[in-house]
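Structure below is upload_29.csv: CSV, C-alpha atoms.
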```csv
chain,number,residue,atom,x,y,z
A,1,MET,CA,-7.2,-8.8,-34.6
A,2,SER,CA,-8.1,-7.4,-31.2
A,3,TYR,CA,-6.0,-5.1,-29.0
A,4,SER,CA,-5.8,-4.8,-25.2
A,5,GLY,CA,-6.9,-1.7,-23.3
A,6,ALA,CA,-3.2,-1.0,-22.5
A,7,GLU,CA,-2.3,-1.1,-26.2
A,8,ILE,CA,-5.1,1.3,-27.1
A,9,ASP,CA,-4.0,3.6,-24.3
A,10,GLU,CA,-0.5,3.8,-25.7
A,11,LEU,CA,-1.9,4.6,-29.2
A,12,ILE,CA,-4.1,7.4,-27.8
A,13,VAL,CA,-1.1,8.9,-26.0
A,14,LYS,CA,1.0,8.7,-29.3
A,15,LEU,CA,-1.9,10.4,-31.1
A,16,LEU,CA,-2.0,13.2,-28.6
A,17,ASN,CA,1.7,13.9,-28.6
A,18,GLY,CA,2.2,13.5,-32.4
A,19,THR,CA,4.4,10.4,-32.4
A,20,ILE,CA,1.9,7.9,-33.8
A,21,ALA,CA,3.0,6.0,-36.9
A,22,LYS,CA,0.8,5.6,-39.9
A,23,ASP,CA,0.0,1.9,-39.3
A,24,GLU,CA,-0.7,2.6,-35.6
A,25,LYS,CA,-3.0,5.5,-36.6
A,26,ASN,CA,-5.0,3.1,-38.9
A,27,ILE,CA,-5.4,0.7,-36.0
A,28,LEU,CA,-6.5,3.4,-33.6
A,29,GLU,CA,-9.0,4.9,-36.2
A,30,LYS,CA,-10.6,1.5,-36.6
A,31,TRP,CA,-11.0,1.2,-32.8
A,32,ILE,CA,-12.4,4.8,-32.6
A,33,ASN,CA,-14.9,4.2,-35.3
A,34,SER,CA,-16.1,0.9,-33.8
A,35,SER,CA,-18.3,2.7,-31.2
A,36,GLU,CA,-19.6,6.1,-30.2
A,37,ALA,CA,-18.2,5.5,-26.7
A,38,ASN,CA,-14.7,5.1,-28.2
A,39,LYS,CA,-15.1,8.3,-30.2
A,40,LYS,CA,-16.1,10.1,-27.0
A,41,ILE,CA,-13.0,8.9,-25.1
A,42,VAL,CA,-10.6,10.4,-27.7
A,43,GLU,CA,-12.6,13.6,-28.0
A,44,ASN,CA,-12.5,14.1,-24.3
A,45,PHE,CA,-8.7,13.9,-24.1
A,46,GLN,CA,-8.5,16.9,-26.5
A,47,ASN,CA,-10.8,18.9,-24.1
A,48,LYS,CA,-8.8,20.9,-21.6
A,49,GLU,CA,-11.7,21.2,-19.1
A,50,TRP,CA,-12.5,17.5,-19.1
A,51,VAL,CA,-8.9,16.4,-18.6
A,52,THR,CA,-8.2,18.8,-15.7
A,53,THR,CA,-11.5,18.2,-14.1
A,54,GLU,CA,-11.1,14.4,-14.1
A,55,LEU,CA,-7.5,14.5,-13.0
A,56,GLY,CA,-8.4,17.1,-10.3
A,57,LYS,CA,-11.0,14.6,-8.9
A,58,MET,CA,-8.3,12.0,-8.3
A,59,TYR,CA,-5.1,14.0,-7.5
A,60,LYS,CA,-6.4,17.3,-6.2
A,61,PHE,CA,-3.9,19.4,-8.1
A,62,ASP,CA,-4.2,22.9,-9.4
A,63,LYS,CA,-6.0,22.8,-12.7
A,64,GLU,CA,-4.1,25.5,-14.5
A,65,ALA,CA,-0.7,24.3,-13.3
A,66,GLY,CA,-1.6,20.8,-14.2
A,67,TRP,CA,-2.8,21.7,-17.7
A,68,LYS,CA,0.5,23.4,-18.4
A,69,ILE,CA,2.3,20.2,-17.5
A,70,ILE,CA,0.0,18.2,-19.7
A,71,GLN,CA,0.7,20.6,-22.6
A,72,GLN,CA,4.4,20.3,-22.1
A,73,ALA,CA,4.1,16.5,-21.9
A,74,LEU,CA,2.2,16.4,-25.2
A,75,LYS,CA,5.3,17.7,-27.1
A,76,PRO,CA,6.9,14.8,-29.1
A,77,LYS,CA,10.2,15.1,-27.2
A,78,ASN,CA,8.6,14.0,-24.0
A,79,LYS,CA,8.1,10.3,-23.5
A,80,VAL,CA,5.2,9.2,-21.5
A,81,LYS,CA,4.2,5.9,-19.8
A,82,VAL,CA,0.8,4.5,-18.9
A,83,ILE,CA,0.5,3.6,-15.2
A,84,ARG,CA,-2.1,1.4,-13.5
A,85,LEU,CA,-5.0,3.4,-12.2
A,86,PRO,CA,-8.6,2.8,-11.3
A,87,TRP,CA,-10.0,3.3,-14.8
A,88,ARG,CA,-8.4,3.4,-18.2
A,89,LYS,CA,-9.3,6.9,-19.4
A,90,ILE,CA,-7.7,8.5,-16.4
A,91,ALA,CA,-4.7,6.2,-16.9
A,92,VAL,CA,-4.0,7.8,-20.3
A,93,ALA,CA,-4.4,11.3,-18.9
A,94,ALA,CA,-2.3,10.7,-15.9
A,95,SER,CA,0.4,9.3,-18.1
A,96,LEU,CA,0.9,12.7,-19.5
A,97,VAL,CA,2.2,13.9,-16.1
A,98,VAL,CA,4.3,10.9,-15.2
A,99,CYS,CA,8.1,10.7,-15.7
A,100,ALA,CA,9.1,8.0,-18.2
A,101,GLY,CA,11.0,5.0,-16.8
A,102,ILE,CA,9.7,5.3,-13.2
A,103,GLY,CA,5.9,5.1,-13.5
A,104,SER,CA,5.1,6.9,-10.3
A,105,TYR,CA,3.7,10.2,-9.3
A,106,LEU,CA,3.1,12.3,-6.2
A,107,VAL,CA,0.8,15.3,-5.7
A,108,VAL,CA,2.4,17.5,-3.0
A,109,LYS,CA,0.4,20.1,-1.1
A,110,LYS,CA,1.8,23.0,1.0
A,111,ASN,CA,-0.1,26.0,2.2
A,112,SER,CA,-3.1,25.1,0.0
A,113,ALA,CA,-0.9,25.2,-3.2
A,114,SER,CA,-0.5,22.0,-5.1
A,115,GLN,CA,1.8,20.7,-7.8
A,116,VAL,CA,2.4,17.6,-9.7
A,117,VAL,CA,5.8,16.2,-9.1
A,118,LYS,CA,7.8,14.2,-11.6
A,119,SER,CA,10.6,11.9,-10.4
A,120,SER,CA,14.0,11.3,-11.9
A,121,GLU,CA,16.4,8.5,-11.4
A,122,ILE,CA,19.7,8.9,-9.6
A,123,MET,CA,22.7,6.7,-8.8
A,124,ASN,CA,23.6,4.8,-5.6
A,125,ASP,CA,20.2,3.4,-5.0
A,126,ALA,CA,19.1,1.6,-1.9
A,127,GLU,CA,16.8,-1.3,-2.8
A,128,PRO,CA,13.2,-1.6,-1.5
A,129,GLY,CA,11.9,-4.2,0.9
A,130,ARG,CA,11.0,-7.7,-0.1
A,131,THR,CA,9.3,-10.9,1.0
A,132,GLY,CA,10.8,-12.3,4.2
A,133,ALA,CA,10.3,-12.9,7.9
A,134,ILE,CA,11.6,-14.9,10.9
A,135,LEU,CA,9.5,-17.6,12.4
A,136,THR,CA,10.1,-18.4,16.1
A,137,LEU,CA,8.9,-21.8,17.2
A,138,SER,CA,7.6,-22.8,20.6
A,139,ASN,CA,11.0,-24.2,21.6
A,140,GLY,CA,12.8,-21.0,20.7
A,141,GLN,CA,14.2,-22.2,17.4
A,142,LYS,CA,14.2,-19.5,14.7
A,143,ILE,CA,13.7,-20.1,11.0
A,144,VAL,CA,14.7,-17.4,8.5
A,145,LEU,CA,11.9,-17.6,5.9
A,146,ASP,CA,13.8,-15.5,3.3
A,147,ASP,CA,16.1,-18.4,2.5
A,148,SER,CA,13.8,-21.4,3.2
A,149,LYS,CA,12.7,-23.5,0.3
A,150,ASN,CA,9.1,-24.4,-0.4
A,151,GLY,CA,7.9,-27.5,1.4
A,152,GLN,CA,7.5,-28.7,5.0
A,153,LEU,CA,9.5,-26.8,7.5
A,154,THR,CA,8.6,-28.5,10.7
A,155,ASN,CA,5.9,-30.6,12.5
A,156,GLN,CA,4.9,-29.2,15.9
A,157,ASN,CA,2.7,-31.6,18.0
A,158,ASN,CA,0.9,-32.8,14.8
A,159,THR,CA,0.7,-29.5,13.1
A,160,VAL,CA,2.6,-29.3,9.9
A,161,VAL,CA,4.2,-25.9,9.0
A,162,SER,CA,4.9,-25.5,5.3
A,163,LYS,CA,6.3,-22.8,3.0
A,164,THR,CA,4.3,-22.4,-0.2
A,165,ASN,CA,4.8,-19.7,-2.9
A,166,GLY,CA,6.4,-17.2,-0.5
A,167,GLY,CA,3.9,-17.7,2.3
A,168,LEU,CA,3.5,-19.9,5.4
A,169,THR,CA,0.7,-22.4,5.9
A,170,TYR,CA,-0.3,-24.3,9.1
A,171,LYS,CA,-2.3,-27.6,8.9
A,172,ALA,CA,-3.3,-29.3,12.1
A,173,GLY,CA,-3.7,-33.1,12.1
A,174,LYS,CA,-5.6,-35.3,14.6
A,175,ASN,CA,-4.9,-34.7,18.2
A,176,ALA,CA,-2.8,-31.7,17.5
A,177,GLU,CA,-1.7,-29.9,20.6
A,178,ILE,CA,-1.5,-26.1,21.1
A,179,VAL,CA,1.9,-24.5,21.1
A,180,TYR,CA,2.6,-20.9,20.2
A,181,ASN,CA,4.6,-19.5,17.3
A,182,THR,CA,5.6,-15.9,16.5
A,183,MET,CA,6.2,-14.5,13.0
A,184,THR,CA,8.3,-11.3,12.9
A,185,THR,CA,9.0,-9.1,9.9
A,186,PRO,CA,12.1,-6.9,10.3
A,187,LYS,CA,12.3,-3.6,8.6
A,188,SER,CA,12.2,-4.0,4.7
A,189,ARG,CA,10.4,-7.3,4.9
A,190,GLN,CA,6.7,-8.4,4.7
A,191,TYR,CA,5.1,-11.9,4.7
A,192,SER,CA,1.9,-13.8,4.4
A,193,LEU,CA,0.5,-16.5,6.7
A,194,GLN,CA,-2.4,-18.9,6.7
A,195,LEU,CA,-3.4,-20.1,10.2
A,196,ALA,CA,-4.6,-23.5,11.0
A,197,ASP,CA,-8.3,-22.4,10.8
A,198,GLY,CA,-7.8,-21.0,7.3
A,199,THR,CA,-7.5,-17.4,8.3
A,200,LYS,CA,-5.1,-15.4,6.1
A,201,VAL,CA,-2.8,-12.8,7.4
A,202,TRP,CA,-0.5,-10.4,5.6
A,203,LEU,CA,2.2,-8.8,7.8
A,204,ASN,CA,3.7,-5.5,7.0
A,205,ALA,CA,7.3,-4.5,7.6
A,206,PHE,CA,8.5,-4.2,11.2
A,207,SER,CA,5.6,-6.2,12.7
A,208,SER,CA,5.0,-9.4,14.5
A,209,ILE,CA,2.1,-11.8,15.2
A,210,THR,CA,1.9,-14.5,17.9
A,211,PHE,CA,-0.6,-17.3,17.4
A,212,PRO,CA,-1.4,-20.9,18.4
A,213,THR,CA,-0.5,-23.7,15.9
A,214,VAL,CA,-4.1,-25.0,16.3
A,215,PHE,CA,-7.3,-23.5,17.6
A,216,SER,CA,-8.8,-26.0,20.0
A,217,SER,CA,-10.4,-23.7,22.6
A,218,GLY,CA,-13.6,-21.6,22.3
A,219,THR,CA,-11.9,-18.6,20.8
A,220,ARG,CA,-9.2,-17.9,18.2
A,221,ASP,CA,-6.7,-15.5,19.8
A,222,VAL,CA,-3.7,-13.8,18.2
A,223,LYS,CA,-1.4,-10.9,19.4
A,224,LEU,CA,-0.2,-8.2,17.0
A,225,THR,CA,2.4,-5.5,16.9
A,226,GLY,CA,2.9,-3.3,13.9
A,227,GLU,CA,0.5,-3.7,11.0
A,228,ALA,CA,-1.4,-6.6,9.5
A,229,TYR,CA,-4.4,-7.3,7.2
A,230,PHE,CA,-6.7,-10.2,8.1
A,231,GLU,CA,-9.1,-12.3,6.1
A,232,VAL,CA,-10.8,-14.3,8.8
A,233,ALA,CA,-12.2,-17.7,8.2
A,234,LYS,CA,-15.9,-17.8,9.3
A,235,ASN,CA,-16.7,-19.9,12.4
A,236,LYS,CA,-19.7,-18.8,14.5
A,237,ASN,CA,-18.7,-21.0,17.4
A,238,LYS,CA,-15.2,-19.6,17.7
A,239,PRO,CA,-14.8,-15.8,17.5
A,240,PHE,CA,-11.5,-14.6,16.2
A,241,ARG,CA,-9.8,-12.0,18.4
A,242,VAL,CA,-6.8,-9.8,17.8
A,243,PHE,CA,-5.1,-8.3,20.8
A,244,VAL,CA,-3.0,-5.1,20.6
A,245,ASN,CA,-1.9,-4.1,24.1
A,246,ASP,CA,-5.2,-3.3,25.8
A,247,ILE,CA,-7.2,-3.3,22.6
A,248,ARG,CA,-9.3,-6.3,21.6
A,249,ILE,CA,-10.8,-6.8,18.2
A,250,LYS,CA,-13.5,-9.5,18.0
A,251,VAL,CA,-14.8,-10.9,14.7
A,252,LEU,CA,-16.6,-13.9,13.3
A,253,GLY,CA,-15.5,-13.7,9.7
A,254,THR,CA,-14.4,-10.5,8.0
A,255,HIS,CA,-11.7,-8.5,6.2
A,256,PHE,CA,-9.9,-5.8,8.2
A,257,ASN,CA,-6.6,-4.0,8.6
A,258,VAL,CA,-4.9,-3.1,11.9
A,259,ASN,CA,-2.1,-0.4,12.1
A,260,ALA,CA,-0.6,-0.6,15.6
A,261,TYR,CA,3.0,0.7,15.2
A,262,GLY,CA,4.4,2.1,18.4
A,263,ASP,CA,5.6,5.3,16.8
A,264,GLU,CA,2.1,6.2,15.5
A,265,ASP,CA,-0.3,8.6,17.4
A,266,ASN,CA,-3.2,6.2,17.1
A,267,VAL,CA,-3.9,2.5,16.7
A,268,LYS,CA,-6.1,2.3,13.6
A,269,THR,CA,-8.5,-0.6,12.9
A,270,SER,CA,-10.1,-0.3,9.4
A,271,LEU,CA,-13.0,-2.5,8.3
A,272,LEU,CA,-13.3,-3.5,4.7
A,273,GLU,CA,-15.9,-6.3,4.9
A,274,GLY,CA,-18.2,-7.8,7.5
A,275,SER,CA,-18.3,-6.4,11.0
A,276,ILE,CA,-16.0,-6.2,14.0
A,277,LEU,CA,-16.4,-5.3,17.7
A,278,VAL,CA,-13.5,-3.2,19.0
A,279,ASN,CA,-12.9,-3.1,22.8
A,280,GLN,CA,-10.6,-0.9,24.8
A,281,ASN,CA,-10.8,-0.3,28.6
A,282,ASN,CA,-14.4,-1.7,28.7
A,283,LYS,CA,-15.5,0.6,25.8
A,284,ALA,CA,-16.9,-1.2,22.9
A,285,VAL,CA,-17.5,0.0,19.3
A,286,LEU,CA,-19.1,-1.9,16.5
A,287,LEU,CA,-17.6,-1.1,13.1
A,288,LYS,CA,-19.3,-1.2,9.7
A,289,PRO,CA,-17.5,-1.5,6.3
A,290,GLY,CA,-15.7,1.7,5.4
A,291,GLN,CA,-15.2,2.8,9.0
A,292,GLN,CA,-12.0,3.1,11.0
A,293,ALA,CA,-11.6,3.1,14.8
A,294,GLN,CA,-8.8,5.3,16.0
A,295,HIS,CA,-7.5,4.6,19.5
A,296,ASN,CA,-5.3,7.3,21.0
A,297,LYS,CA,-2.9,6.6,23.9
A,298,SER,CA,-5.3,7.9,26.5
A,299,GLY,CA,-7.9,5.3,25.6
A,300,VAL,CA,-10.3,7.5,23.6
A,301,ILE,CA,-11.9,5.8,20.6
A,302,THR,CA,-12.8,8.0,17.5
A,303,ILE,CA,-14.7,6.6,14.6
A,304,LYS,CA,-13.8,7.8,11.1
A,305,ASN,CA,-16.4,7.2,8.4
A,306,ASN,CA,-15.8,6.6,4.7
A,307,VAL,CA,-12.2,5.8,5.2
A,308,ASN,CA,-10.0,5.7,2.1
A,309,THR,CA,-9.4,2.0,1.8
A,310,GLU,CA,-6.9,2.5,-1.0
A,311,GLU,CA,-4.7,4.4,1.5
A,312,VAL,CA,-5.3,1.8,4.2
A,313,MET,CA,-4.4,-1.1,1.8
A,314,GLY,CA,-1.7,0.7,-0.1
A,315,TRP,CA,1.1,-1.3,1.6
A,316,LYS,CA,-0.4,-4.6,0.7
A,317,ASN,CA,-1.1,-3.5,-2.9
A,318,GLY,CA,2.5,-2.5,-3.4
A,319,VAL,CA,2.3,1.3,-3.1
A,320,PHE,CA,2.8,4.1,-0.6
A,321,TYR,CA,-0.6,5.9,-0.7
A,322,PHE,CA,-0.8,9.3,1.0
A,323,GLU,CA,-3.9,11.3,1.7
A,324,ASN,CA,-3.2,14.6,3.5
A,325,ALA,CA,-0.2,12.8,5.1
A,326,SER,CA,2.4,14.7,7.1
A,327,LEU,CA,6.1,14.5,6.3
A,328,LYS,CA,6.6,12.4,9.4
A,329,VAL,CA,3.9,9.9,8.4
A,330,VAL,CA,5.5,9.6,4.9
A,331,LEU,CA,9.0,9.1,6.4
A,332,ASP,CA,7.8,6.6,9.0
A,333,GLN,CA,6.6,4.4,6.2
A,334,ILE,CA,9.8,4.9,4.2
A,335,SER,CA,11.9,4.1,7.4
A,336,ARG,CA,10.2,0.8,7.8
A,337,TRP,CA,10.3,-0.3,4.1
A,338,TYR,CA,13.9,0.8,3.4
A,339,ASP,CA,15.3,0.0,6.8
A,340,VAL,CA,16.7,3.4,7.6
A,341,ASP,CA,16.5,5.6,10.7
A,342,VAL,CA,15.1,9.1,10.1
A,343,VAL,CA,16.5,12.2,11.8
A,344,PHE,CA,15.0,15.6,11.4
A,345,GLU,CA,17.2,18.7,11.5
A,346,LYS,CA,15.8,22.0,12.9
A,347,GLY,CA,13.9,24.2,10.5
A,348,VAL,CA,12.1,21.6,8.4
A,349,ASP,CA,8.7,23.0,7.6
A,350,SER,CA,5.5,20.9,7.9
A,351,ARG,CA,4.1,19.6,4.6
A,352,LYS,CA,1.1,17.6,3.4
A,353,PHE,CA,1.4,14.9,0.7
A,354,GLU,CA,-1.2,13.3,-1.5
A,355,GLY,CA,-0.8,10.6,-4.1
A,356,GLU,CA,1.0,7.3,-4.5
A,357,ILE,CA,4.5,6.0,-5.1
A,358,GLU,CA,5.3,2.4,-6.0
A,359,ARG,CA,7.0,0.5,-3.2
A,360,SER,CA,9.2,-1.2,-5.8
A,361,LEU,CA,11.2,2.0,-6.4
A,362,ASN,CA,14.7,2.4,-5.0
A,363,LEU,CA,15.0,4.7,-2.0
A,364,SER,CA,16.9,7.4,-4.0
A,365,GLN,CA,14.0,7.6,-6.5
A,366,VAL,CA,11.5,8.1,-3.7
A,367,LEU,CA,13.6,10.8,-2.1
A,368,LYS,CA,14.0,12.5,-5.4
A,369,ILE,CA,10.3,12.8,-5.7
A,370,LEU,CA,10.0,14.2,-2.2
A,371,GLU,CA,12.8,16.7,-2.8
A,372,LYS,CA,10.7,18.5,-5.4
A,373,ASN,CA,8.9,20.1,-2.6
A,374,LYS,CA,11.9,21.9,-1.1
A,375,VAL,CA,12.9,19.3,1.4
A,376,HIS,CA,16.3,17.7,1.3
A,377,PHE,CA,17.9,14.5,2.4
A,378,LYS,CA,21.3,13.1,3.3
A,379,LEU,CA,21.8,9.3,3.6
A,380,GLU,CA,24.8,8.1,5.5
A,381,GLY,CA,24.7,4.3,6.1
A,382,LYS,CA,21.3,3.7,7.4
A,383,VAL,CA,20.7,7.2,8.8
A,384,LEU,CA,18.4,9.4,6.7
A,385,THR,CA,18.7,13.0,7.7
A,386,VAL,CA,15.9,15.4,6.7
A,387,MET,CA,17.1,19.0,6.0
A,388,PRO,CA,15.2,22.2,5.2
```

Take the structure from the file and write it as structure tokens.
Amino acid sequence: MSYSGAEIDELIVKLLNGTIAKDEKNILEKWINSSEANKKIVENFQNKEWVTTELGKMYKFDKEAGWKIIQQALKPKNKVKVIRLPWRKIAVAASLVVCAGIGSYLVVKKNSASQVVKSSEIMNDAEPGRTGAILTLSNGQKIVLDDSKNGQLTNQNNTVVSKTNGGLTYKAGKNAEIVYNTMTTPKSRQYSLQLADGTKVWLNAFSSITFPTVFSSGTRDVKLTGEAYFEVAKNKNKPFRVFVNDIRIKVLGTHFNVNAYGDEDNVKTSLLEGSILVNQNNKAVLLKPGQQAQHNKSGVITIKNNVNTEEVMGWKNGVFYFENASLKVVLDQISRWYDVDVVFEKGVDSRKFEGEIERSLNLSQVLKILEKNKVHFKLEGKVLTVMP
């Protein structure tokens, strides 16, 4: 009988904290003895230096403080839970510092000191965002996609618009004529869209995209506010262009993310695959995979190399991912996903955050994690007040 990696992970954790049953231990011993690599995995987890070094690479937390938390978690009274991480060995180690029942963690940095924060559940939760959007047709009609059933929604000048598996698809027929539609995601909503050329778009919360129902001219042009991830269908004869105010992003076929929220300091265009040409005020920059173009409000373009794509794509992958993020950046994302307005009281110190929190958590759970770093919150209706 074979066992999945997740099942073996759980047995290793039980072995380390002393809660493994006799039959489970027999299963694990067979797995350990089946290869030298398996033996090494278990040996490594009983080595303080290896655990703290590997965790330190990922979460950048203080080794000695982290090891104390791991030792505490190894006691039988502490329940642990394996969470999804880039590779399985670290998933087991990280599970030792994760609070049971929530499956999320956050590493908080302030004044160069770090700590691993465990979250706890509280009552009166506000639910996270979900799939949903509003589609505005060329005639002004609005369709609330949250409540729409799968199937054809409308036919606009020989272009059929259908809802399929929580997303929207455009399919142009013969002699289809161009009209323009706009998809808008309110706060606490996100949605996916497949344009008539096959290009796929994922729209983050509090965003909008305006696009033609069919691409019949020499270019494929769309307008964006907020944030979206694009997987552009290749067509050498028709460049795909994204317009964000005075910024133009030109591609032939590629994967990239655009963050263009009005309350952000910069418009950020991050390239994951292919190449794109970014234009602003007659200044052009060619991006390579792993680069990010940052456009400030004065029109200056800065290129960031080796951008953390996990952070860029966190929203699409279901997590808040923070890398050296300020409290304002953290709360801007929370505001959009939980549909709350954030107000700062005087005296709130600046802080930096690193790590990830699942976007499926309720608001109160997320705030409880953040409060571990001496910042406090008060939620009244849809107003979230940040207090020192």

*With a distance cut-off of 10 Å and only C-alpha atoms, select the neighbouring residues of stretch 304-313 of chain A, excluding the residue or stretch itself and same-chain residues fewer than 3 positions from it, and output the selection as a ChimeraX atom specification.*
/A:228-229,256-259,268-272,287-294,301,316-323,355-356

*When distances are computed from all atoms listed in the file, which of A:Val278, A:Val232, A:Ile143, A:Leu363 shows the smallest separation from A:Phe377?*
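Going through A:Val278, A:Val232, A:Ile143, A:Leu363 one by one, the smallest distance to A:Phe377 is for A:Leu363.
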
*Quick one: everything within 9 Å of stretch 202-206 of chain A, counting all atoms listed in the file, minus sequence neighbours fewer than 2 positions away in the same chain. Send it as a list of chain:residue names.*
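Within the cut-off, the hits are A:Gly129, A:Ala133, A:Met183, A:Thr184, A:Thr185, A:Pro186, A:Lys187, A:Ser188, A:Arg189, A:Gln190, A:Tyr191, A:Ser192, A:Leu193, A:Gln194, A:Lys200, A:Ser208, A:Ile209, A:Thr225, A:Gly226, A:Glu227, A:Ala228, A:Tyr229, A:Phe230, A:Glu231, A:Tyr261, A:Trp315, A:Lys316, A:Arg336, A:Trp337.
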
*Place a sphere of radius 12 Å on (12.2, -19.1, 7.7) in the file coordinates and name every protein, DNA or RNA residue with an atom inside or on its surface, counting only C-alpha atoms; give the answer as a ChimeraX atom specification.*
/A:131-137,141-154,161-164,166-168,182-185,191

*Please identify all polymer residues within 8 Å of A:Ala172, counting only C-alpha atoms, omitting same-chain residues fewer than 6 positions from it, and present them as a VMD selection string.*
chain A and resid 158 to 160 196 213 to 214

*Length of the atom CA of A:Gln365 to atom CA of A:Ser350 vector [Å]*: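 Separating atom CA of A:Gln365 from atom CA of A:Ser350 is a distance of 21.4 Å.
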
_Which residues are close to A:Asn235, i.e. within 10 Å by all atoms listed in the file, leaving aside same-chain residues fewer than 6 positions away? Reply as a PyMOL selection string._
chain A and resi 197+219-220+251-253

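Between atom CA of A:Ser275 and atom CA of A:Thr254 the interatomic distance comes to 6.4 Å.
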
*What does the distance between atom CA of A:Leu379 and atom CA of A:Asn324 come to in Å, to one decimal place?*
25.6 Å

_Pick from A:Glu264, A:Glu127, A:Glu36, A:Glu24, whichever lies nearest to A:Ser364 using only C-alpha atoms_ =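 Comparing A:Glu264, A:Glu127, A:Glu36, A:Glu24 against A:Ser364, the winner is A:Glu127.
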
Which residues, protein or nucleic acid, reach to within 7 Å of (-7.7, -11.6, 18.1) in the file's coordinates when using only C-alpha atoms, and can you give that as a PDB file with C-alpha atoms, in the frame of the given file?
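Listing of point.pdb after writing:
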```
ATOM      1  CA  ARG A 220      -9.200 -17.900  18.200  1.00  0.00           C
ATOM      2  CA  ASP A 221      -6.700 -15.500  19.800  1.00  0.00           C
ATOM      3  CA  VAL A 222      -3.700 -13.800  18.200  1.00  0.00           C
ATOM      4  CA  LYS A 223      -1.400 -10.900  19.400  1.00  0.00           C
ATOM      5  CA  PHE A 240     -11.500 -14.600  16.200  1.00  0.00           C
ATOM      6  CA  ARG A 241      -9.800 -12.000  18.400  1.00  0.00           C
ATOM      7  CA  VAL A 242      -6.800  -9.800  17.800  1.00  0.00           C
ATOM      8  CA  PHE A 243      -5.100  -8.300  20.800  1.00  0.00           C
ATOM      9  CA  ARG A 248      -9.300  -6.300  21.600  1.00  0.00           C
ATOM     10  CA  ILE A 249     -10.800  -6.800  18.200  1.00  0.00           C
ATOM     11  CA  LYS A 250     -13.500  -9.500  18.000  1.00  0.00           C
TER      12      LYS A 250
END
```

*asked:* Under the rule that all atoms listed in the file are counted, which of A:Lys297, A:Lys22, A:Arg351, A:Lys346 is the nearest residue to A:Ser326?
replied: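 Checking each candidate against A:Ser326, we get A:Arg351 as the closest.
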
*asked:* Give me the residues near A:Val340 as a list in words, where near means some atom within 8 Å (using all atoms listed in the file) and where sequence neighbours in that chain fewer than 3 positions away do not count.
replied: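 What passes the distance filter is Ile334, Ser335, Arg336, Lys382, Val383 and Leu384 of chain A.
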
Add whatever atoms are absent from stretch 344-357 of chain A to reach N, CA and C atoms, and provide the output as a PDB file, in the frame of the given file.
```pdb
ATOM      1  N   PHE A 344      15.403  14.330  11.888  1.00  0.00           N
ATOM      2  CA  PHE A 344      15.000  15.600  11.400  1.00  0.00           C
ATOM      3  C   PHE A 344      15.922  16.730  11.929  1.00  0.00           C
ATOM      4  N   GLU A 345      16.453  17.553  11.026  1.00  0.00           N
ATOM      5  CA  GLU A 345      17.200  18.700  11.500  1.00  0.00           C
ATOM      6  C   GLU A 345      16.194  19.850  11.794  1.00  0.00           C
ATOM      7  N   LYS A 346      16.639  20.854  12.532  1.00  0.00           N
ATOM      8  CA  LYS A 346      15.800  22.000  12.900  1.00  0.00           C
ATOM      9  C   LYS A 346      15.453  22.785  11.600  1.00  0.00           C
ATOM     10  N   GLY A 347      14.237  23.334  11.579  1.00  0.00           N
ATOM     11  CA  GLY A 347      13.900  24.200  10.500  1.00  0.00           C
ATOM     12  C   GLY A 347      13.146  23.540   9.329  1.00  0.00           C
ATOM     13  N   VAL A 348      12.845  22.244   9.464  1.00  0.00           N
ATOM     14  CA  VAL A 348      12.100  21.600   8.400  1.00  0.00           C
ATOM     15  C   VAL A 348      10.623  21.907   8.535  1.00  0.00           C
ATOM     16  N   ASP A 349      10.067  22.541   7.510  1.00  0.00           N
ATOM     17  CA  ASP A 349       8.700  23.000   7.600  1.00  0.00           C
ATOM     18  C   ASP A 349       7.724  21.777   7.458  1.00  0.00           C
ATOM     19  N   SER A 350       6.525  21.954   8.014  1.00  0.00           N
ATOM     20  CA  SER A 350       5.500  20.900   7.900  1.00  0.00           C
ATOM     21  C   SER A 350       4.944  20.924   6.467  1.00  0.00           C
ATOM     22  N   ARG A 351       4.583  19.761   5.957  1.00  0.00           N
ATOM     23  CA  ARG A 351       4.100  19.600   4.600  1.00  0.00           C
ATOM     24  C   ARG A 351       2.999  18.537   4.603  1.00  0.00           C
ATOM     25  N   LYS A 352       2.130  18.591   3.613  1.00  0.00           N
ATOM     26  CA  LYS A 352       1.100  17.600   3.400  1.00  0.00           C
ATOM     27  C   LYS A 352       1.315  16.949   2.047  1.00  0.00           C
ATOM     28  N   PHE A 353       1.153  15.623   1.972  1.00  0.00           N
ATOM     29  CA  PHE A 353       1.400  14.900   0.700  1.00  0.00           C
ATOM     30  C   PHE A 353       0.128  14.110   0.346  1.00  0.00           C
ATOM     31  N   GLU A 354      -0.153  14.077  -0.951  1.00  0.00           N
ATOM     32  CA  GLU A 354      -1.200  13.300  -1.500  1.00  0.00           C
ATOM     33  C   GLU A 354      -0.777  12.582  -2.754  1.00  0.00           C
ATOM     34  N   GLY A 355      -1.195  11.326  -2.936  1.00  0.00           N
ATOM     35  CA  GLY A 355      -0.800  10.600  -4.100  1.00  0.00           C
ATOM     36  C   GLY A 355      -0.239   9.246  -3.780  1.00  0.00           C
ATOM     37  N   GLU A 356       0.420   8.617  -4.743  1.00  0.00           N
ATOM     38  CA  GLU A 356       1.000   7.300  -4.500  1.00  0.00           C
ATOM     39  C   GLU A 356       2.339   7.147  -5.167  1.00  0.00           C
ATOM     40  N   ILE A 357       3.181   6.351  -4.550  1.00  0.00           N
ATOM     41  CA  ILE A 357       4.500   6.000  -5.100  1.00  0.00           C
ATOM     42  C   ILE A 357       4.653   4.509  -4.986  1.00  0.00           C
TER      43      ILE A 357
END
```
